[in-house]
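Shown here: work-v9.tsv, TSV, C-alpha atoms.
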chain	number	residue	atom	x	y	z
W	1444	MET	CA	153.97	-71.09	-38.24
W	1445	PHE	CA	157.59	-71.71	-37.42
W	1446	LYS	CA	158.14	-67.96	-37.05
W	1447	LYS	CA	155.15	-67.68	-34.72
W	1448	ASP	CA	156.45	-70.56	-32.55
W	1449	PHE	CA	159.88	-68.97	-32.53
W	1450	ASP	CA	158.42	-65.58	-31.51
W	1451	ASP	CA	156.30	-67.25	-28.84
W	1452	PHE	CA	159.37	-69.08	-27.58
W	1453	HIS	CA	161.38	-65.86	-27.41
W	1454	GLN	CA	158.53	-64.08	-25.73
W	1455	SER	CA	158.20	-66.90	-23.17
W	1456	LEU	CA	161.96	-66.88	-22.66
W	1457	PHE	CA	161.85	-63.12	-22.17
W	1458	TRP	CA	159.13	-63.45	-19.52
W	1459	ILE	CA	161.00	-66.27	-17.78
W	1460	LYS	CA	164.16	-64.17	-17.66
W	1461	LEU	CA	162.21	-61.17	-16.41
W	1462	THR	CA	160.51	-63.27	-13.75
W	1463	LEU	CA	163.85	-64.81	-12.67
W	1464	PHE	CA	165.42	-61.35	-12.50
W	1465	ALA	CA	162.52	-60.03	-10.40
W	1466	MET	CA	162.69	-63.08	-8.12
W	1467	SER	CA	166.46	-62.82	-7.70
W	1468	ARG	CA	166.12	-59.12	-6.96
W	1469	ASN	CA	163.44	-59.85	-4.36
W	1470	ILE	CA	165.56	-62.62	-2.82
W	1471	LEU	CA	168.54	-60.28	-2.70
W	1472	LEU	CA	166.40	-57.60	-1.01
W	1473	ILE	CA	165.14	-60.14	1.53
W	1474	ILE	CA	168.71	-61.30	2.27
W	1475	LEU	CA	169.88	-57.72	2.71
W	1476	CYS	CA	166.97	-56.93	5.02
W	1477	VAL	CA	167.55	-60.03	7.13
W	1478	PHE	CA	171.29	-59.32	7.30
W	1479	SER	CA	170.81	-55.68	8.23
W	1480	LEU	CA	168.23	-56.60	10.89
W	1481	SER	CA	170.60	-59.14	12.40
W	1482	VAL	CA	173.39	-56.55	12.46
W	1483	PHE	CA	171.17	-53.94	14.06
W	1484	ALA	CA	169.67	-56.48	16.46
W	1485	GLN	CA	173.09	-57.09	18.01
W	1486	GLU	CA	173.69	-54.90	21.00
W	1487	PRO	CA	177.07	-53.17	20.83
W	1488	LYS	CA	179.49	-54.59	23.37
W	1489	PHE	CA	181.45	-52.29	25.61
W	1490	GLY	CA	184.23	-53.46	27.88
W	1491	HIS	CA	186.49	-51.95	30.46
W	1492	ILE	CA	189.88	-52.84	31.83
W	1493	ASN	CA	192.27	-51.77	34.55
W	1494	SER	CA	195.61	-51.64	32.75
W	1495	VAL	CA	197.54	-50.60	35.87
W	1496	GLU	CA	196.45	-53.83	37.58
W	1497	ILE	CA	197.69	-55.83	34.61
W	1498	LEU	CA	200.97	-53.92	34.28
W	1499	THR	CA	201.81	-54.51	37.94
W	1500	LEU	CA	201.36	-58.26	37.41
W	1501	MET	CA	203.58	-58.49	34.35
W	1502	PRO	CA	206.74	-60.53	35.01
W	1503	GLU	CA	208.85	-57.81	33.38
W	1504	GLN	CA	207.83	-55.47	36.22
W	1505	VAL	CA	210.47	-56.94	38.58
W	1506	THR	CA	213.30	-56.35	36.10
W	1507	ILE	CA	212.10	-52.84	35.30
W	1508	GLU	CA	211.79	-51.95	38.98
W	1509	LYS	CA	215.35	-53.16	39.68
W	1510	ALA	CA	216.77	-51.25	36.72
W	1511	MET	CA	214.98	-48.08	37.84
W	1512	LYS	CA	216.22	-48.45	41.44
W	1513	ASP	CA	219.80	-48.95	40.20
W	1514	LEU	CA	219.66	-45.87	38.00
W	1515	ASP	CA	218.07	-43.83	40.79
W	1516	ALA	CA	220.84	-44.94	43.17
W	1517	GLN	CA	223.52	-43.80	40.70
W	1518	TRP	CA	221.93	-40.36	40.39
W	1519	ASN	CA	221.45	-40.09	44.17
W	1520	GLN	CA	225.11	-40.96	44.71
W	1521	GLU	CA	226.16	-38.15	42.37
W	1522	LEU	CA	223.79	-35.69	44.01
W	1523	THR	CA	225.00	-36.68	47.49
W	1524	LYS	CA	228.59	-35.87	46.49
W	1525	LEU	CA	227.56	-32.45	45.23
W	1526	ARG	CA	225.44	-31.72	48.30
W	1527	ASP	CA	228.29	-32.72	50.60
W	1528	GLU	CA	230.59	-30.36	48.69
W	1529	TYR	CA	227.91	-27.64	48.92
W	1530	TYR	CA	227.50	-27.99	52.70
W	1531	LEU	CA	231.28	-28.00	53.15
W	1532	LYS	CA	231.58	-24.72	51.20
W	1533	ILE	CA	228.77	-23.15	53.25
W	1534	LYS	CA	230.48	-24.23	56.45
W	1535	LYS	CA	233.82	-22.73	55.29
W	1536	TYR	CA	232.05	-19.56	54.25
W	1537	GLN	CA	230.39	-19.22	57.65
W	1538	GLU	CA	233.70	-19.85	59.45
W	1539	LYS	CA	235.49	-17.22	57.38
W	1540	MET	CA	232.66	-14.74	57.84
W	1541	ASN	CA	233.47	-14.69	61.53
W	1542	ALA	CA	237.16	-14.08	60.81
W	1543	ASN	CA	236.68	-10.69	59.10
W	1544	MET	CA	237.42	-11.90	55.61
W	1545	PRO	CA	238.04	-9.45	52.75
W	1546	GLU	CA	235.12	-8.74	50.42
W	1547	SER	CA	236.90	-10.25	47.41
W	1548	ILE	CA	237.25	-13.66	49.13
W	1549	LYS	CA	233.68	-13.42	50.39
W	1550	ALA	CA	232.46	-12.74	46.83
W	1551	ALA	CA	234.54	-15.65	45.46
W	1552	LEU	CA	233.09	-18.07	48.03
W	1553	GLN	CA	229.55	-16.84	47.37
W	1554	SER	CA	230.12	-17.37	43.65
W	1555	GLU	CA	231.33	-20.94	44.27
W	1556	ILE	CA	228.27	-21.65	46.42
W	1557	THR	CA	225.94	-20.21	43.78
W	1558	ASP	CA	227.65	-22.28	41.06
W	1559	LEU	CA	227.22	-25.43	43.16
W	1560	GLU	CA	223.52	-24.64	43.71
W	1561	LYS	CA	223.09	-24.31	39.93
W	1562	ARG	CA	224.97	-27.57	39.29
W	1563	ILE	CA	222.83	-29.40	41.86
W	1564	ALA	CA	219.63	-28.05	40.27
W	1565	THR	CA	220.84	-28.99	36.79
W	1566	ILE	CA	221.79	-32.50	37.87
W	1567	GLN	CA	218.44	-32.99	39.64
W	1568	LYS	CA	216.60	-31.92	36.49
W	1569	THR	CA	218.80	-34.15	34.31
W	1570	ALA	CA	218.29	-37.08	36.70
W	1571	ASN	CA	214.52	-36.68	36.62
W	1572	THR	CA	214.50	-36.49	32.82
W	1573	ASP	CA	216.82	-39.48	32.54
W	1574	LEU	CA	214.69	-41.55	34.94
W	1575	GLN	CA	211.49	-40.72	33.05
W	1576	LYS	CA	213.06	-41.61	29.68
W	1577	LYS	CA	214.43	-44.87	31.05
W	1578	GLN	CA	211.08	-45.81	32.54
W	1579	GLN	CA	209.31	-45.09	29.23
W	1580	GLU	CA	211.97	-47.05	27.34
W	1581	LEU	CA	211.65	-50.08	29.63
W	1582	PHE	CA	207.86	-50.04	29.78
W	1583	ALA	CA	207.26	-49.49	26.04
W	1584	PRO	CA	207.52	-53.19	25.05
W	1585	VAL	CA	205.43	-54.25	28.05
W	1586	ILE	CA	202.72	-51.70	27.25
W	1587	GLU	CA	202.76	-52.84	23.62
W	1588	LYS	CA	202.38	-56.47	24.75
W	1589	VAL	CA	199.40	-55.58	26.96
W	1590	LYS	CA	197.84	-53.45	24.21
W	1591	LYS	CA	198.17	-56.33	21.75
W	1592	ALA	CA	196.43	-58.67	24.22
W	1593	ILE	CA	193.64	-56.12	24.74
W	1594	ASP	CA	193.21	-55.80	20.96
W	1595	GLU	CA	193.07	-59.58	20.54
W	1596	VAL	CA	190.49	-59.96	23.33
W	1597	GLY	CA	188.45	-57.15	21.80
W	1598	ILE	CA	188.45	-58.77	18.36
W	1599	GLU	CA	187.85	-62.31	19.65
W	1600	ASN	CA	184.89	-61.19	21.78
W	1601	ASP	CA	183.38	-58.64	19.36
W	1602	TYR	CA	183.78	-55.56	21.56
W	1603	LEU	CA	182.96	-52.24	20.00
W	1604	TYR	CA	184.89	-50.21	22.59
W	1605	ILE	CA	187.15	-51.02	25.52
W	1606	PHE	CA	187.79	-48.32	28.11
W	1607	ASP	CA	190.70	-48.19	30.55
W	1608	LEU	CA	189.42	-47.43	34.06
W	1609	SER	CA	192.93	-46.65	35.31
W	1610	THR	CA	192.90	-43.42	33.30
W	1611	GLN	CA	190.63	-40.64	34.41
W	1612	GLY	CA	188.87	-40.46	31.04
W	1613	VAL	CA	185.89	-42.67	31.93
W	1614	ILE	CA	183.19	-40.68	33.66
W	1615	PHE	CA	180.46	-43.33	33.66
W	1616	LYS	CA	180.59	-47.12	33.53
W	1617	SER	CA	177.34	-48.86	32.73
W	1618	PRO	CA	176.51	-52.13	34.49
W	1619	LYS	CA	176.25	-53.56	30.96
W	1620	SER	CA	179.95	-52.88	30.40
W	1621	ASN	CA	182.03	-56.03	30.68
W	1622	ASP	CA	185.21	-56.13	32.74
W	1623	ILE	CA	187.70	-57.81	30.42
W	1624	THR	CA	190.67	-57.52	32.79
W	1625	LEU	CA	190.49	-61.26	33.49
W	1626	LEU	CA	190.35	-62.10	29.77
W	1627	VAL	CA	193.47	-60.01	29.10
W	1628	LYS	CA	195.25	-61.54	32.10
W	1629	LYS	CA	194.41	-64.98	30.72
W	1630	LYS	CA	195.67	-63.98	27.27
W	1631	LEU	CA	198.97	-62.85	28.84
W	1632	GLY	CA	199.24	-65.95	31.04
W	1633	LEU	CA	198.85	-63.97	34.28
W	1634	ASN	CA	196.84	-65.35	37.17
Write out the structure in this file as structure tokens.
Amino acid sequence: MFKKDFDDFHQSLFWIKLTLFAMSRNILLIILCVFSLSVFAQEPKFGHINSVEILTLMPEQVTIEKAMKDLDAQWNQELTKLRDEYYLKIKKYQEKMNANMPESIKAALQSEITDLEKRIATIQKTANTDLQKKQQELFAPVIEKVKKAIDEVGIENDYLYIFDLSTQGVIFKSPKSNDITLLVKKKLGLN
């Protein structure tokens, strides 16, 4: 009799465990279904921003603009000296052309003028490259600061995508898209 009670007990215990397993599996399936429905029920959030508007309001903009104007003035000063020298050589050449100058002197003056034209072109190219590099160097930390604020706003407000309207990459903007420019301005302390 004891063996029968023991077997009945084990059999009951087996059925209880099986029932608990089936119930826990069903509960887990219900939780997963509810969770997945709540995830799919959320509409993805899209936002847009005008980064140029924000960059122009950044306090660092004044310092960057001054530094760029100073550098541009230095390059313009150098180019003005070369251009003045160029125009002076052309004037001398024209004066000597009227005075029946020998071909060797004419060729030497033409060579000097050509060399000056090349130097002016080289310095203009170097100036443009230098100005672009300097602008990128000065704006890099500001752009990084704005990007960080955009990322934080995106995470805090559960945005799936944020598009920048100042670039020409956005072809369509739905009325459902949220303009987060004000949120980013607030994050950066800009009014």
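Picture a line from CA of Leu1631 in chain W to CA of Lys1577 in chain W; it runs 23.8 Å.
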Handout entry: Spatial neighbours of Leu1514 in chain W, max dist 12 Å, all atoms listed in the file, sep filter under 3 positions, as a ChimeraX atom specification
Key = /W:1507-1511,1517-1521,1570-1578
Edge lengths and centre, in Å to one decimal, as JSON: that's what I need for the box along x, y and z that holds all listed atoms of range 1571-1589 of chain W plus 8 Å on each side.
{"center_x": 208.1, "center_y": -46.5, "center_z": 30.1, "size_x": 33.4, "size_y": 36.0, "size_z": 29.0}
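In this comparison, which uses only C-alpha atoms, the residue of W:Pro1545, W:Gly1632, W:Gly1597, W:Pro1502 approaching Phe1582 in chain W most closely is W:Pro1502.
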Problem - Computed interatomic separation between CA of Ala1564 in chain W and CA of Met1544 in chain W (Å) - result: 28.5 Å
Exercise for the section: Compare W:Ala1592, W:Asp1515, W:Glu1580, W:Ile1586 by their minimum atom-to-atom distance to Lys1629 in chain W, counting all atoms listed in the file, and give me the closest one. Expected result: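 Going through W:Ala1592, W:Asp1515, W:Glu1580, W:Ile1586 one by one, the smallest distance to Lys1629 in chain W is for W:Ala1592.
When only C-alpha atoms are used to compute distances to Ile1497 in chain W, the closest of the residues W:Ile1556, W:Val1585, W:Ile1605, W:Ile1548 turns out to be W:Val1585.
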Exercise for the section: Between CA of Thr1624 in chain W and CA of Lys1512 in chain W, measure the distance and give it in Å to one decimal. Expected result: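 Taking CA of Thr1624 in chain W as the start and CA of Lys1512 in chain W as the end point, the length is 28.5 Å.
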Exercise for the section: For Thr1557 in chain W, list every protein, DNA or RNA residue within 12 Å, evaluated using all atoms listed in the file, and leave out those in the same chain fewer than 6 positions away; present the list as a list in words. Expected result: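 Residues near the query, excluding close chain neighbours: Tyr1529, Tyr1530, Lys1532, Ile1533, Ala1550, Ala1551, Ile1563 and Ala1564 of chain W.
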Contacts of Tyr1536 in chain W at 9 Å (all atoms listed in the file; same-chain gap of 2+ positions) as a CSV table (one decimal) with C-alpha atoms, in the frame of the given file:
chain,number,residue,atom,x,y,z
W,1531,LEU,CA,231.3,-28.0,53.2
W,1532,LYS,CA,231.6,-24.7,51.2
W,1533,ILE,CA,228.8,-23.2,53.2
W,1534,LYS,CA,230.5,-24.2,56.4
W,1538,GLU,CA,233.7,-19.8,59.4
W,1539,LYS,CA,235.5,-17.2,57.4
W,1540,MET,CA,232.7,-14.7,57.8
W,1541,ASN,CA,233.5,-14.7,61.5
W,1549,LYS,CA,233.7,-13.4,50.4
W,1552,LEU,CA,233.1,-18.1,48.0
W,1553,GLN,CA,229.6,-16.8,47.4
W,1556,ILE,CA,228.3,-21.6,46.4
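The residue set within 8 Å of Lys1488 in chain W, counting all atoms listed in the file and dropping same-chain residues fewer than 3 places from it, reads Asp1601, Tyr1602, Leu1603, Tyr1604, Ser1620 and Asn1621 of chain W.
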Because the input lacks atoms here, generate N, CA and C atoms for range 1542-1568 of chain W and report them as an mmCIF file, in the coordinates of the input.
data_model
loop_
_atom_site.group_PDB
_atom_site.id
_atom_site.type_symbol
_atom_site.label_atom_id
_atom_site.label_comp_id
_atom_site.auth_asym_id
_atom_site.auth_seq_id
_atom_site.Cartn_x
_atom_site.Cartn_y
_atom_site.Cartn_z
ATOM 1 N N ALA W 1542 235.746 -14.472 60.716
ATOM 2 C CA ALA W 1542 237.160 -14.080 60.810
ATOM 3 C C ALA W 1542 237.461 -12.805 60.036
ATOM 4 N N ASN W 1543 236.489 -11.959 59.821
ATOM 5 C CA ASN W 1543 236.680 -10.690 59.100
ATOM 6 C C ASN W 1543 237.384 -10.882 57.766
ATOM 7 N N MET W 1544 236.790 -11.638 56.913
ATOM 8 C CA MET W 1544 237.420 -11.900 55.610
ATOM 9 C C MET W 1544 237.202 -10.735 54.664
ATOM 10 N N PRO W 1545 238.163 -10.526 53.741
ATOM 11 C CA PRO W 1545 238.040 -9.450 52.750
ATOM 12 C C PRO W 1545 236.850 -9.711 51.815
ATOM 13 N N GLU W 1546 236.288 -8.654 51.291
ATOM 14 C CA GLU W 1546 235.120 -8.740 50.420
ATOM 15 C C GLU W 1546 235.376 -9.567 49.168
ATOM 16 N N SER W 1547 236.589 -9.500 48.635
ATOM 17 C CA SER W 1547 236.900 -10.250 47.410
ATOM 18 C C SER W 1547 236.826 -11.764 47.660
ATOM 19 N N ILE W 1548 237.310 -12.220 48.804
ATOM 20 C CA ILE W 1548 237.250 -13.660 49.130
ATOM 21 C C ILE W 1548 235.801 -14.047 49.403
ATOM 22 N N LYS W 1549 235.083 -13.166 50.108
ATOM 23 C CA LYS W 1549 233.680 -13.420 50.390
ATOM 24 C C LYS W 1549 232.890 -13.586 49.071
ATOM 25 N N ALA W 1550 233.145 -12.692 48.124
ATOM 26 C CA ALA W 1550 232.460 -12.740 46.830
ATOM 27 C C ALA W 1550 232.819 -14.025 46.059
ATOM 28 N N ALA W 1551 234.103 -14.424 46.143
ATOM 29 C CA ALA W 1551 234.540 -15.650 45.460
ATOM 30 C C ALA W 1551 233.838 -16.869 46.055
ATOM 31 N N LEU W 1552 233.767 -16.946 47.371
ATOM 32 C CA LEU W 1552 233.090 -18.070 48.030
ATOM 33 C C LEU W 1552 231.596 -18.085 47.722
ATOM 34 N N GLN W 1553 230.971 -16.923 47.704
ATOM 35 C CA GLN W 1553 229.550 -16.840 47.370
ATOM 36 C C GLN W 1553 229.306 -17.319 45.932
ATOM 37 N N SER W 1554 230.219 -16.951 45.042
ATOM 38 C CA SER W 1554 230.120 -17.370 43.650
ATOM 39 C C SER W 1554 230.229 -18.893 43.530
ATOM 40 N N GLU W 1555 231.172 -19.485 44.281
ATOM 41 C CA GLU W 1555 231.330 -20.940 44.270
ATOM 42 C C GLU W 1555 230.067 -21.630 44.787
ATOM 43 N N ILE W 1556 229.486 -21.074 45.844
ATOM 44 C CA ILE W 1556 228.270 -21.650 46.420
ATOM 45 C C ILE W 1556 227.106 -21.552 45.416
ATOM 46 N N THR W 1557 226.990 -20.411 44.781
ATOM 47 C CA THR W 1557 225.940 -20.210 43.780
ATOM 48 C C THR W 1557 226.118 -21.174 42.604
ATOM 49 N N ASP W 1558 227.371 -21.331 42.152
ATOM 50 C CA ASP W 1558 227.650 -22.280 41.060
ATOM 51 C C ASP W 1558 227.265 -23.700 41.453
ATOM 52 N N LEU W 1559 227.577 -24.090 42.683
ATOM 53 C CA LEU W 1559 227.220 -25.430 43.160
ATOM 54 C C LEU W 1559 225.694 -25.598 43.222
ATOM 55 N N GLU W 1560 224.985 -24.577 43.676
ATOM 56 C CA GLU W 1560 223.520 -24.640 43.710
ATOM 57 C C GLU W 1560 222.962 -24.870 42.299
ATOM 58 N N LYS W 1561 223.531 -24.162 41.319
ATOM 59 C CA LYS W 1561 223.090 -24.310 39.930
ATOM 60 C C LYS W 1561 223.398 -25.711 39.402
ATOM 61 N N ARG W 1562 224.602 -26.222 39.729
ATOM 62 C CA ARG W 1562 224.970 -27.570 39.290
ATOM 63 C C ARG W 1562 224.052 -28.623 39.906
ATOM 64 N N ILE W 1563 223.727 -28.455 41.190
ATOM 65 C CA ILE W 1563 222.830 -29.400 41.860
ATOM 66 C C ILE W 1563 221.448 -29.375 41.195
ATOM 67 N N ALA W 1564 220.943 -28.174 40.922
ATOM 68 C CA ALA W 1564 219.630 -28.050 40.270
ATOM 69 C C ALA W 1564 219.639 -28.665 38.885
ATOM 70 N N THR W 1565 220.720 -28.427 38.141
ATOM 71 C CA THR W 1565 220.840 -28.990 36.790
ATOM 72 C C THR W 1565 220.892 -30.511 36.843
ATOM 73 N N ILE W 1566 221.669 -31.043 37.767
ATOM 74 C CA ILE W 1566 221.790 -32.500 37.870
ATOM 75 C C ILE W 1566 220.470 -33.119 38.322
ATOM 76 N N GLN W 1567 219.750 -32.473 39.231
ATOM 77 C CA GLN W 1567 218.440 -32.990 39.640
ATOM 78 C C GLN W 1567 217.474 -33.037 38.452
ATOM 79 N N LYS W 1568 217.477 -31.977 37.663
ATOM 80 C CA LYS W 1568 216.600 -31.920 36.490
ATOM 81 C C LYS W 1568 216.999 -33.003 35.476
#
